[in-house]
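Chemist: Sending over input.tsv (TSV, C-alpha atoms).
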```tsv
chain	number	residue	atom	x	y	z
A	196	MET	CA	13.26	98.50	233.26
A	197	LEU	CA	11.05	98.59	230.18
A	198	ALA	CA	7.97	99.23	232.33
A	199	LEU	CA	9.73	102.14	234.09
A	200	TYR	CA	10.74	103.61	230.75
A	201	SER	CA	7.15	103.36	229.57
A	202	LEU	CA	5.91	105.14	232.68
A	203	LEU	CA	8.34	108.02	232.20
A	204	LEU	CA	7.59	108.23	228.49
A	205	TYR	CA	3.87	108.33	229.20
A	206	ILE	CA	4.21	111.22	231.66
A	207	VAL	CA	6.41	113.21	229.30
A	208	VAL	CA	4.02	112.78	226.38
A	209	ALA	CA	0.97	113.55	228.50
A	210	LEU	CA	2.49	116.75	229.83
A	211	ALA	CA	3.75	117.74	226.39
A	212	LEU	CA	0.22	117.58	225.06
A	213	GLY	CA	-0.68	120.52	227.24
A	214	SER	CA	-4.11	121.22	228.67
A	215	PRO	CA	-6.72	118.68	227.66
A	216	LEU	CA	-9.65	119.74	225.55
A	217	GLY	CA	-12.39	121.34	227.58
A	218	ASP	CA	-15.43	120.56	225.43
A	219	GLN	CA	-14.97	116.95	224.45
A	220	TYR	CA	-17.43	115.39	226.90
A	221	PRO	CA	-21.11	116.03	227.58
A	222	PHE	CA	-21.95	116.94	231.15
A	223	ARG	CA	-24.99	115.93	233.11
A	224	LYS	CA	-27.89	118.29	232.76
A	225	GLU	CA	-29.57	119.61	235.85
A	226	ASP	CA	-32.87	117.91	235.01
A	227	ASP	CA	-31.30	114.47	234.42
A	228	THR	CA	-32.58	111.68	236.60
A	229	SER	CA	-29.88	110.85	239.13
A	230	PRO	CA	-29.18	107.26	240.18
A	231	PRO	CA	-29.22	106.20	243.82
A	232	ASP	CA	-26.32	107.43	245.94
A	233	HIS	CA	-25.24	103.86	246.67
A	234	ILE	CA	-25.85	100.33	245.48
A	235	SER	CA	-27.97	97.70	247.19
A	236	PRO	CA	-26.48	95.11	249.56
A	237	GLY	CA	-27.40	92.36	247.11
A	238	LEU	CA	-25.51	93.95	244.21
A	239	PHE	CA	-22.59	94.70	246.52
A	240	ALA	CA	-22.36	91.02	247.49
A	241	SER	CA	-22.58	89.98	243.84
A	242	LEU	CA	-19.74	92.29	242.76
A	243	GLU	CA	-17.60	91.17	245.69
A	244	ARG	CA	-17.99	87.51	244.70
A	245	LEU	CA	-17.18	88.34	241.09
A	246	SER	CA	-13.99	90.07	242.23
A	247	ARG	CA	-12.90	86.81	243.85
A	248	LEU	CA	-13.72	84.89	240.68
A	249	VAL	CA	-11.53	87.19	238.60
A	250	ASP	CA	-8.77	87.06	241.23
A	251	ILE	CA	-8.58	83.30	240.61
A	252	THR	CA	-7.51	84.01	237.01
A	253	TYR	CA	-4.11	85.07	238.31
A	254	CYS	CA	-3.44	81.42	239.12
A	255	VAL	CA	-3.48	80.70	235.38
A	256	GLY	CA	0.09	80.85	234.15
A	257	THR	CA	1.52	80.55	237.67
A	258	THR	CA	0.48	77.76	240.05
A	259	GLY	CA	-2.48	76.80	237.87
A	260	ILE	CA	-6.09	75.71	238.32
A	261	ALA	CA	-6.84	71.98	238.46
A	262	PRO	CA	-10.11	70.04	238.00
A	263	PRO	CA	-12.67	69.98	239.37
A	264	PHE	CA	-11.94	73.56	240.51
A	265	SER	CA	-8.88	73.69	242.71
A	266	CYS	CA	-6.12	76.26	243.20
A	267	VAL	CA	-3.99	77.72	245.97
A	268	SER	CA	-6.04	80.92	246.01
A	269	ARG	CA	-9.82	81.37	246.34
A	270	CYS	CA	-11.17	78.34	244.46
A	271	LYS	CA	-12.44	76.79	247.69
A	272	ASP	CA	-14.91	79.69	247.95
A	273	PHE	CA	-16.79	78.22	244.98
A	274	PRO	CA	-17.27	74.48	245.64
A	275	THR	CA	-19.95	74.03	242.94
A	276	LEU	CA	-17.80	75.29	240.06
A	277	GLU	CA	-16.41	72.81	237.57
A	278	LEU	CA	-13.40	73.80	235.48
A	279	VAL	CA	-13.86	73.41	231.73
A	280	THR	CA	-10.61	74.83	230.38
A	281	THR	CA	-7.91	77.46	230.87
A	282	TRP	CA	-5.74	79.34	228.40
A	283	ASN	CA	-2.42	81.13	228.68
A	284	THR	CA	-0.82	82.67	225.63
A	285	GLY	CA	2.23	84.06	227.42
A	286	VAL	CA	3.64	87.57	227.48
A	287	LEU	CA	4.91	87.37	223.90
A	288	MET	CA	1.40	86.55	222.61
A	289	SER	CA	-0.66	89.45	224.03
A	290	ASP	CA	-0.51	88.05	227.57
A	291	SER	CA	-4.04	86.62	227.43
A	292	CYS	CA	-5.06	84.27	230.26
A	293	GLY	CA	-8.26	83.03	231.82
A	294	TYR	CA	-10.58	80.14	232.45
A	295	VAL	CA	-14.03	78.81	231.58
A	296	ALA	CA	-16.05	77.10	234.30
A	297	VAL	CA	-19.61	75.91	234.79
A	298	ASP	CA	-21.77	75.84	237.89
A	299	HIS	CA	-24.55	73.26	237.88
A	300	GLY	CA	-26.36	74.88	240.74
A	301	THR	CA	-27.23	74.01	244.27
A	302	LYS	CA	-30.17	74.53	246.54
A	303	PRO	CA	-30.27	78.27	247.21
A	304	ALA	CA	-30.67	79.86	250.59
A	305	PRO	CA	-34.11	81.45	251.14
A	306	GLU	CA	-32.90	85.00	250.51
A	307	ALA	CA	-30.04	84.33	248.09
A	308	HIS	CA	-29.70	86.89	245.31
A	309	GLY	CA	-27.45	84.87	243.02
A	310	LEU	CA	-24.36	86.07	241.21
A	311	ILE	CA	-25.71	89.28	239.78
A	312	GLY	CA	-27.77	90.11	242.84
A	313	ASP	CA	-30.83	91.37	240.99
A	314	ILE	CA	-34.45	90.46	240.42
A	315	ARG	CA	-33.62	88.22	237.47
A	316	ASN	CA	-32.30	85.61	239.91
A	317	LYS	CA	-35.84	84.31	240.26
A	318	ASP	CA	-35.52	83.04	236.68
A	319	ARG	CA	-32.51	80.96	237.71
A	320	VAL	CA	-34.38	79.02	240.40
A	321	GLU	CA	-36.39	75.98	239.43
A	322	GLY	CA	-37.75	73.35	241.77
A	323	GLY	CA	-35.89	74.87	244.72
A	324	LYS	CA	-32.54	74.63	242.89
A	325	ASN	CA	-30.40	77.18	241.06
A	326	LYS	CA	-30.28	76.44	237.36
A	327	GLY	CA	-26.56	77.10	237.21
A	328	ALA	CA	-24.32	79.37	235.20
A	329	ILE	CA	-21.37	79.50	232.82
A	330	VAL	CA	-18.40	81.66	233.84
A	331	VAL	CA	-15.73	83.08	231.53
A	332	ALA	CA	-13.01	84.95	233.44
A	333	PHE	CA	-10.26	87.04	231.84
A	334	ARG	CA	-7.04	87.82	233.70
A	335	GLY	CA	-5.30	91.17	233.70
A	336	THR	CA	-1.85	91.49	232.24
A	337	TYR	CA	1.35	91.88	234.23
A	338	SER	CA	2.45	94.44	231.66
A	339	ILE	CA	-0.63	96.71	231.54
A	340	THR	CA	1.54	99.84	231.38
A	341	ASN	CA	3.38	98.66	228.28
A	342	THR	CA	0.13	97.49	226.69
A	343	VAL	CA	-1.76	100.72	227.25
A	344	VAL	CA	1.02	103.26	226.81
A	345	ASP	CA	2.79	101.71	223.83
A	346	LEU	CA	3.19	104.66	221.49
A	347	SER	CA	3.67	102.37	218.51
A	348	THR	CA	0.12	101.07	218.88
A	349	ILE	CA	-2.18	102.54	216.24
A	350	PRO	CA	-5.94	102.16	216.79
A	351	GLN	CA	-7.31	99.42	214.56
A	352	GLU	CA	-10.59	99.46	212.69
A	353	TYR	CA	-13.20	97.44	214.55
A	354	VAL	CA	-15.45	95.22	212.47
A	355	PRO	CA	-18.08	93.63	214.74
A	356	TYR	CA	-18.28	90.32	212.96
A	357	PRO	CA	-15.80	87.48	212.32
A	358	SER	CA	-13.72	87.96	209.21
A	359	PRO	CA	-12.97	84.95	206.95
A	360	ASP	CA	-9.49	84.50	208.42
A	361	GLN	CA	-11.09	84.18	211.88
A	362	GLY	CA	-13.43	81.41	210.85
A	363	GLY	CA	-16.34	83.52	209.66
A	364	SER	CA	-17.75	83.84	206.16
A	365	GLU	CA	-20.01	86.84	205.65
A	366	PRO	CA	-21.35	89.55	207.93
A	367	PRO	CA	-24.83	88.91	209.34
A	368	LYS	CA	-27.74	90.24	207.32
A	369	ASP	CA	-29.08	93.58	208.45
A	370	PRO	CA	-27.57	93.58	211.95
A	371	GLU	CA	-29.62	95.36	214.59
A	372	HIS	CA	-26.58	97.28	215.78
A	373	VAL	CA	-24.10	98.84	213.37
A	374	CYS	CA	-20.67	100.14	214.39
A	375	HIS	CA	-19.93	103.36	212.49
A	376	ASN	CA	-16.35	104.62	212.25
A	377	CYS	CA	-15.20	102.35	215.05
A	378	THR	CA	-11.61	101.83	216.11
A	379	VAL	CA	-10.20	99.89	219.07
A	380	HIS	CA	-6.82	99.46	220.74
A	381	THR	CA	-4.80	97.04	218.61
A	382	GLY	CA	-3.37	95.22	221.64
A	383	PHE	CA	-6.78	94.59	223.20
A	384	LEU	CA	-8.20	93.27	219.95
A	385	ALA	CA	-5.16	91.03	219.44
A	386	SER	CA	-5.69	89.56	222.92
A	387	TRP	CA	-9.31	88.69	222.13
A	388	LYS	CA	-8.45	87.23	218.72
A	389	ILE	CA	-6.06	84.83	220.44
A	390	ALA	CA	-8.34	84.06	223.39
A	391	ARG	CA	-11.39	83.41	221.19
A	392	THR	CA	-9.69	80.38	219.62
A	393	VAL	CA	-9.99	78.72	223.03
A	394	VAL	CA	-13.03	80.44	224.52
A	395	LEU	CA	-15.52	79.98	221.69
A	396	PRO	CA	-14.87	76.24	221.15
A	397	ALA	CA	-15.33	75.74	224.91
A	398	LEU	CA	-18.47	77.87	225.16
A	399	GLU	CA	-20.42	76.64	222.16
A	400	PRO	CA	-20.94	73.04	223.38
A	401	LEU	CA	-21.72	74.32	226.88
A	402	ARG	CA	-24.32	76.66	225.43
A	403	GLU	CA	-25.89	73.82	223.47
A	404	LYS	CA	-25.90	71.52	226.50
A	405	TYR	CA	-27.12	74.13	228.98
A	406	PRO	CA	-29.10	76.68	226.93
A	407	GLU	CA	-30.86	78.04	230.02
A	408	TYR	CA	-27.60	78.86	231.85
A	409	PRO	CA	-26.67	82.56	231.84
A	410	VAL	CA	-23.11	83.36	230.77
A	411	TYR	CA	-21.09	85.59	233.08
A	412	LEU	CA	-18.07	87.35	231.60
A	413	VAL	CA	-15.75	88.91	234.16
A	414	GLY	CA	-12.38	90.58	233.71
A	415	HIS	CA	-9.81	92.74	235.48
A	416	SER	CA	-7.58	95.32	233.82
A	417	LEU	CA	-6.67	94.12	230.31
A	418	GLY	CA	-9.07	91.25	230.97
A	419	GLY	CA	-11.88	93.80	231.24
A	420	ALA	CA	-11.15	95.12	227.76
A	421	VAL	CA	-11.04	91.57	226.37
A	422	ALA	CA	-14.31	90.74	228.15
A	423	ALA	CA	-15.92	93.76	226.44
A	424	LEU	CA	-14.87	92.56	222.98
A	425	ALA	CA	-15.91	89.00	223.78
A	426	ALA	CA	-19.32	90.12	225.00
A	427	LEU	CA	-19.97	92.13	221.84
A	428	GLU	CA	-19.16	89.16	219.62
A	429	LEU	CA	-21.29	86.76	221.65
A	430	LYS	CA	-24.25	89.12	221.79
A	431	VAL	CA	-24.20	90.64	218.31
A	432	ILE	CA	-22.80	87.80	216.22
A	433	SER	CA	-23.80	84.68	218.13
A	434	GLY	CA	-27.08	86.19	219.28
A	435	TRP	CA	-26.65	85.19	222.93
A	436	GLU	CA	-28.99	87.30	225.02
A	437	ASN	CA	-28.44	85.83	228.47
A	438	LEU	CA	-25.12	87.56	229.12
A	439	VAL	CA	-23.91	89.49	232.17
A	440	VAL	CA	-20.60	91.39	231.88
A	441	THR	CA	-18.70	92.73	234.89
A	442	THR	CA	-15.29	94.36	234.60
A	443	PHE	CA	-12.94	95.80	237.21
A	444	GLY	CA	-10.47	98.53	236.25
A	445	GLU	CA	-11.30	98.21	232.55
A	446	PRO	CA	-9.22	100.52	230.32
A	447	ARG	CA	-10.69	102.53	227.47
A	448	VAL	CA	-11.16	100.12	224.58
A	449	GLY	CA	-11.98	102.33	221.60
A	450	ASN	CA	-13.10	105.63	220.13
A	451	ASP	CA	-16.42	107.52	220.17
A	452	GLY	CA	-17.93	105.27	217.53
A	453	PHE	CA	-17.06	102.14	219.45
A	454	VAL	CA	-18.42	103.58	222.71
A	455	GLN	CA	-21.73	104.50	221.08
A	456	TYR	CA	-21.93	101.01	219.61
A	457	LEU	CA	-21.28	99.24	222.93
A	458	ASP	CA	-23.70	101.54	224.77
A	459	SER	CA	-26.37	100.74	222.20
A	460	VAL	CA	-25.85	96.97	222.28
A	461	PHE	CA	-26.07	96.81	226.08
A	462	GLU	CA	-28.61	99.64	226.43
A	463	LEU	CA	-26.21	101.76	228.48
A	464	GLY	CA	-27.46	105.18	227.54
A	465	LEU	CA	-27.88	108.03	230.00
A	466	SER	CA	-28.95	106.60	233.35
A	467	GLY	CA	-28.42	103.10	231.99
A	468	GLY	CA	-30.83	103.55	229.12
A	469	GLY	CA	-33.76	103.68	231.52
A	470	LYS	CA	-32.78	100.44	233.21
A	471	GLU	CA	-32.38	100.20	236.94
A	472	ILE	CA	-28.83	99.46	238.02
A	473	GLU	CA	-29.88	96.03	239.33
A	474	GLU	CA	-31.09	95.07	235.85
A	475	ARG	CA	-28.09	96.15	233.80
A	476	THR	CA	-26.21	93.47	231.95
A	477	TYR	CA	-22.93	95.41	231.76
A	478	ARG	CA	-21.25	96.77	234.90
A	479	ARG	CA	-17.93	98.61	234.54
A	480	VAL	CA	-16.55	98.89	238.08
A	481	THR	CA	-13.98	101.63	238.71
A	482	HIS	CA	-12.10	102.68	241.84
A	483	ALA	CA	-10.90	106.04	243.13
A	484	ASP	CA	-7.28	106.75	242.12
A	485	ASP	CA	-7.14	103.90	239.58
A	486	PRO	CA	-5.53	105.40	236.45
A	487	VAL	CA	-6.29	102.50	234.09
A	488	PRO	CA	-9.98	103.37	233.42
A	489	LEU	CA	-8.69	106.73	232.15
A	490	LEU	CA	-6.17	105.15	229.75
A	491	PRO	CA	-5.35	105.20	226.88
A	492	LEU	CA	-5.47	108.99	226.77
A	493	SER	CA	-8.51	110.84	225.49
A	494	GLU	CA	-6.08	112.98	223.48
A	495	TRP	CA	-5.34	109.85	221.49
A	496	GLY	CA	-9.01	109.43	220.62
A	497	TYR	CA	-10.08	106.92	223.29
A	498	ARG	CA	-13.30	107.23	225.29
A	499	SER	CA	-14.94	105.48	228.24
A	500	HIS	CA	-18.30	103.79	227.78
A	501	ALA	CA	-21.29	103.89	230.13
A	502	GLY	CA	-22.34	101.35	232.75
A	503	GLU	CA	-19.86	102.61	235.35
A	504	ILE	CA	-20.14	101.69	239.03
A	505	PHE	CA	-17.72	103.79	241.07
A	506	ILE	CA	-16.02	102.82	244.36
A	507	SER	CA	-15.30	106.17	246.00
A	508	LYS	CA	-13.45	104.90	249.06
A	509	PRO	CA	-9.69	104.79	248.32
A	510	ASP	CA	-8.85	102.13	250.89
A	511	LEU	CA	-10.05	98.58	251.48
A	512	PRO	CA	-12.61	97.42	252.41
A	513	PRO	CA	-15.52	99.35	250.85
A	514	GLU	CA	-19.13	99.22	251.98
A	515	PRO	CA	-22.34	99.54	249.92
A	516	THR	CA	-22.51	103.23	250.84
A	517	ASP	CA	-19.08	103.76	249.21
A	518	ILE	CA	-20.27	102.57	245.80
A	519	ARG	CA	-22.54	104.45	243.43
A	520	SER	CA	-24.00	104.07	239.97
A	521	CYS	CA	-22.79	106.63	237.42
A	522	VAL	CA	-24.59	108.46	234.64
A	523	GLY	CA	-23.67	108.14	230.98
A	524	ASP	CA	-20.19	107.86	229.49
A	525	TYR	CA	-18.74	110.75	231.50
A	526	ASP	CA	-19.97	111.40	235.01
A	527	PRO	CA	-17.92	114.06	236.88
A	528	GLN	CA	-19.00	112.52	240.19
A	529	CYS	CA	-17.24	109.27	239.30
A	530	ILE	CA	-13.76	108.37	237.98
A	531	ALA	CA	-14.00	111.04	235.25
A	532	GLY	CA	-14.10	113.78	237.87
A	533	SER	CA	-10.50	113.02	238.77
A	534	ALA	CA	-9.22	112.62	235.25
A	535	GLY	CA	-7.49	115.98	235.11
A	536	GLU	CA	-9.60	116.85	232.10
A	537	SER	CA	-11.66	120.04	232.07
A	538	LEU	CA	-11.08	120.59	235.80
A	539	LYS	CA	-12.62	124.04	235.94
A	540	VAL	CA	-15.73	123.01	234.00
A	541	THR	CA	-16.08	119.83	236.03
A	542	GLY	CA	-15.86	121.76	239.29
A	543	GLN	CA	-18.44	124.29	238.15
A	544	THR	CA	-20.79	121.49	237.10
A	545	LEU	CA	-20.52	119.79	240.45
A	546	ALA	CA	-21.03	123.11	242.24
A	547	ARG	CA	-24.15	123.87	240.23
A	548	GLU	CA	-25.62	120.45	240.92
A	549	GLN	CA	-25.05	120.75	244.65
A	550	ALA	CA	-25.88	124.49	244.82
A	551	GLN	CA	-22.58	125.11	246.56
A	552	GLU	CA	-19.65	127.40	245.92
A	553	THR	CA	-17.28	126.25	243.20
A	554	SER	CA	-14.33	126.59	245.53
A	555	MET	CA	-15.92	124.03	247.83
A	556	ARG	CA	-16.68	121.57	245.09
A	557	THR	CA	-13.33	121.82	243.30
A	558	ARG	CA	-11.31	121.18	246.43
A	559	GLY	CA	-9.40	117.99	245.70
A	560	LEU	CA	-9.92	118.20	241.96
A	561	TRP	CA	-6.75	120.27	241.73
A	562	ASP	CA	-4.68	117.45	243.18
A	563	ILE	CA	-2.58	115.25	240.89
A	564	PRO	CA	-5.01	113.93	238.26
A	565	THR	CA	-5.77	110.25	238.60
A	566	ARG	CA	-4.54	109.42	235.12
A	567	PHE	CA	-1.05	110.58	236.16
A	568	LYS	CA	-0.98	108.44	239.33
A	569	LEU	CA	0.79	105.55	237.68
A	570	TRP	CA	2.14	104.24	240.97
A	571	GLN	CA	-1.46	103.33	241.72
A	572	LEU	CA	-1.14	100.49	239.22
A	573	LEU	CA	0.22	98.59	242.22
A	574	PHE	CA	-2.51	99.69	244.63
A	575	ALA	CA	-5.81	101.31	243.57
A	576	HIS	CA	-5.84	99.38	240.30
A	577	ARG	CA	-5.72	96.13	242.24
A	578	ASP	CA	-8.02	97.10	245.11
A	579	TYR	CA	-11.46	95.93	244.06
A	580	PHE	CA	-13.06	94.56	247.24
A	581	TRP	CA	-9.80	92.60	247.72
A	582	ARG	CA	-6.29	93.22	246.45
A	583	LEU	CA	-6.31	91.30	243.19
A	584	GLY	CA	-3.46	89.81	241.24
A	585	LEU	CA	-1.55	87.37	243.42
A	586	CYS	CA	-2.23	83.63	243.47
A	587	VAL	CA	-1.30	82.59	247.00
A	588	PRO	CA	-3.37	81.06	249.82
A	589	GLY	CA	-5.78	83.67	251.10
A	590	GLY	CA	-4.98	86.06	248.27
A	591	ASP	CA	-2.59	89.00	248.56
A	592	PRO	CA	-0.92	89.23	252.01
A	593	ILE	CA	-2.62	92.59	252.57
A	594	ASP	CA	-5.88	90.65	252.89
A	595	TRP	CA	-4.55	88.14	255.38
A	596	GLY	CA	-6.37	88.44	258.67
A	597	ARG	CA	-9.21	90.43	257.12
A	598	ASP	CA	-12.67	89.20	257.97
A	599	LYS	CA	-14.84	88.02	255.15
A	600	TYR	CA	-17.37	90.55	253.93
A	601	PRO	CA	-20.78	90.26	255.60
A	602	ASN	CA	-22.50	87.38	253.85
A	603	LEU	CA	-25.29	89.53	252.52
A	604	THR	CA	-26.69	86.83	250.29
A	605	THR	CA	-26.10	83.95	252.72
A	606	SER	CA	-24.24	81.88	250.12
A	607	ASP	CA	-21.15	81.97	247.91
A	608	GLU	CA	-22.74	79.68	245.34
A	609	LEU	CA	-23.52	80.91	241.86
```
Would you write the structure of this file as structure tokens?
Modeler:
Amino acid sequence: MLALYSLLLYIVVALALGSPLGDQYPFRKEDDTSPPDHISPGLFASLERLSRLVDITYCVGTTGIAPPFSCVSRCKDFPTLELVTTWNTGVLMSDSCGYVAVDHGTKPAPEAHGLIGDIRNKDRVEGGKNKGAIVVAFRGTYSITNTVVDLSTIPQEYVPYPSPDQGGSEPPKDPEHVCHNCTVHTGFLASWKIARTVVLPALEPLREKYPEYPVYLVGHSLGGAVAALAALELKVISGWENLVVTTFGEPRVGNDGFVQYLDSVFELGLSGGGKEIEERTYRRVTHADDPVPLLPLSEWGYRSHAGEIFISKPDLPPEPTDIRSCVGDYDPQCIAGSAGESLKVTGQTLAREQAQETSMRTRGLWDIPTRFKLWQLLFAHRDYFWRLGLCVPGGDPIDWGRDKYPNLTTSDEL
């Protein structure tokens, strides 16, 4: 009942705000370098495997995950993973859940691309054996609507270093990246503050024992926002460089200042800061019709950061040709194009880029804006390669009977 009330309250407030601002986002210039129209098969396979890893987090707090790495869901897909710890704070404590696991590696197949599916995988192979990896997975919340829409939530100042009451002492000297005028969603920050009391004590000894292992942070929904905050602390404060962050359906975490800070830390400027998509260390995966990446509202000061990879096909299953890399923080050809913000300007921009009539390019943009499709919290928001969010054998029943994706990397090992 509370969730339904929040949905109705959200719609009323959004409509009461009137037409969104038309000049709040930069648009792609005609001479910008465009990314490829679709991702590579190797990256596709990597993202698909990561979606199964984050789906396993929904066993935490329900049927559970047992050592060495066993659950009623998809754990059997990853026989080389070893569970380190799980955490579950409960709904009354920011609903933060997840697990930490380690993979000690196995002999890779001749053409295996590894977890991230990019050229850096060659650095993870030594003596014919994968070096291994550390995985930190953050679960989404069952109350994402209440968390995101809560009108009593006031953005909180974001200080990118541990304060004394969190176990820190003083800020680092002359940090390379400085967060100016940064605020973040209070609920997201509270979730990370609670999770870090479990995650950091588990990660630090693993990092010392396996310094060559890359650390993969993966999250869905609220878990994506928490993964973003965790990654910033590990990279900026702890100085860990070998990080790869992948989120699915990540909501907007903070304001303009925070977005610029995150983009700078992970080199996610226009066109990925000059990096090829296969080399990026932060991938924010979004899906057509998923409202969560467009929440909280831009009218409330929240913005989306760069690094987006957009699944344009509404239904399952997608193919590599259905997924494209996006440009900058606001790409009208990706999830932002269906936000219901600046529709006329967005349509004209798309028309200009494609040298077509505006009426052709805006067709569909005048449908119900994605950010108002709150019923899609049950569908598009969960449909990332598989329908996420239910810990039962074989995953959600909608996936029962579905063939496994083509094994593009020949192995499910990390």
Chemist: Could you list, as a PDB file with C-alpha atoms, in the coordinates of the input, every residue within 9 Å of Gly285 of chain A, counting only C-alpha atoms and ignoring same-chain residues fewer than 6 positions away?
Modeler:
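Okay, this is what ended up in around_24.pdb:
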```pdb
ATOM      1  CA  GLY A 256       0.090  80.850 234.150  1.00  0.00           C
ATOM      2  CA  SER A 291      -4.040  86.620 227.430  1.00  0.00           C
ATOM      3  CA  CYS A 292      -5.060  84.270 230.260  1.00  0.00           C
TER       4      CYS A 292
END
```
Chemist: Might you pull out every residue within 12 Å of segment 585-600 of chain A, with only C-alpha atoms counted and same-chain residues fewer than 3 positions away left off, and present them as a ChimeraX atom specification?
Modeler: /A:236,239-244,246-260,265-272,334-337,510-515,573-574,577-582,603-607
Chemist: Give me, please, the distance in Å between atom CA of Arg391 of chain A and atom CA of Ala425 of chain A, quoted to one decimal.
Modeler: 7.6 Å
Chemist: Report, in Å with one decimal, the straight-line distance from atom CA of Pro564 of chain A to atom CA of Ser533 of chain A.
Modeler: 5.6 Å
Chemist: Could you work out how far atom CA of Ser433 of chain A lies from atom CA of Phe461 of chain A, giving the answer in Å with one decimal?
Modeler: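 We find that atom CA of Phe461 of chain A and atom CA of Ser433 of chain A lie 14.7 Å from each other.
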Chemist: May I have the residues within 12 Å of Pro350 of chain A as a list in words, using only C-alpha atoms and disregarding those fewer than 2 positions away in the same chain?
Modeler: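 Everything that qualifies: Val343, Asp345, Leu346, Ser347, Thr348, Glu352, Tyr353, Asn376, Cys377, Thr378, Val379, His380, Thr381, Gly382, Phe383, Leu384, Ala385, Arg447, Val448, Gly449, Asn450, Phe453, Pro491, Trp495, Gly496 and Tyr497 of chain A.
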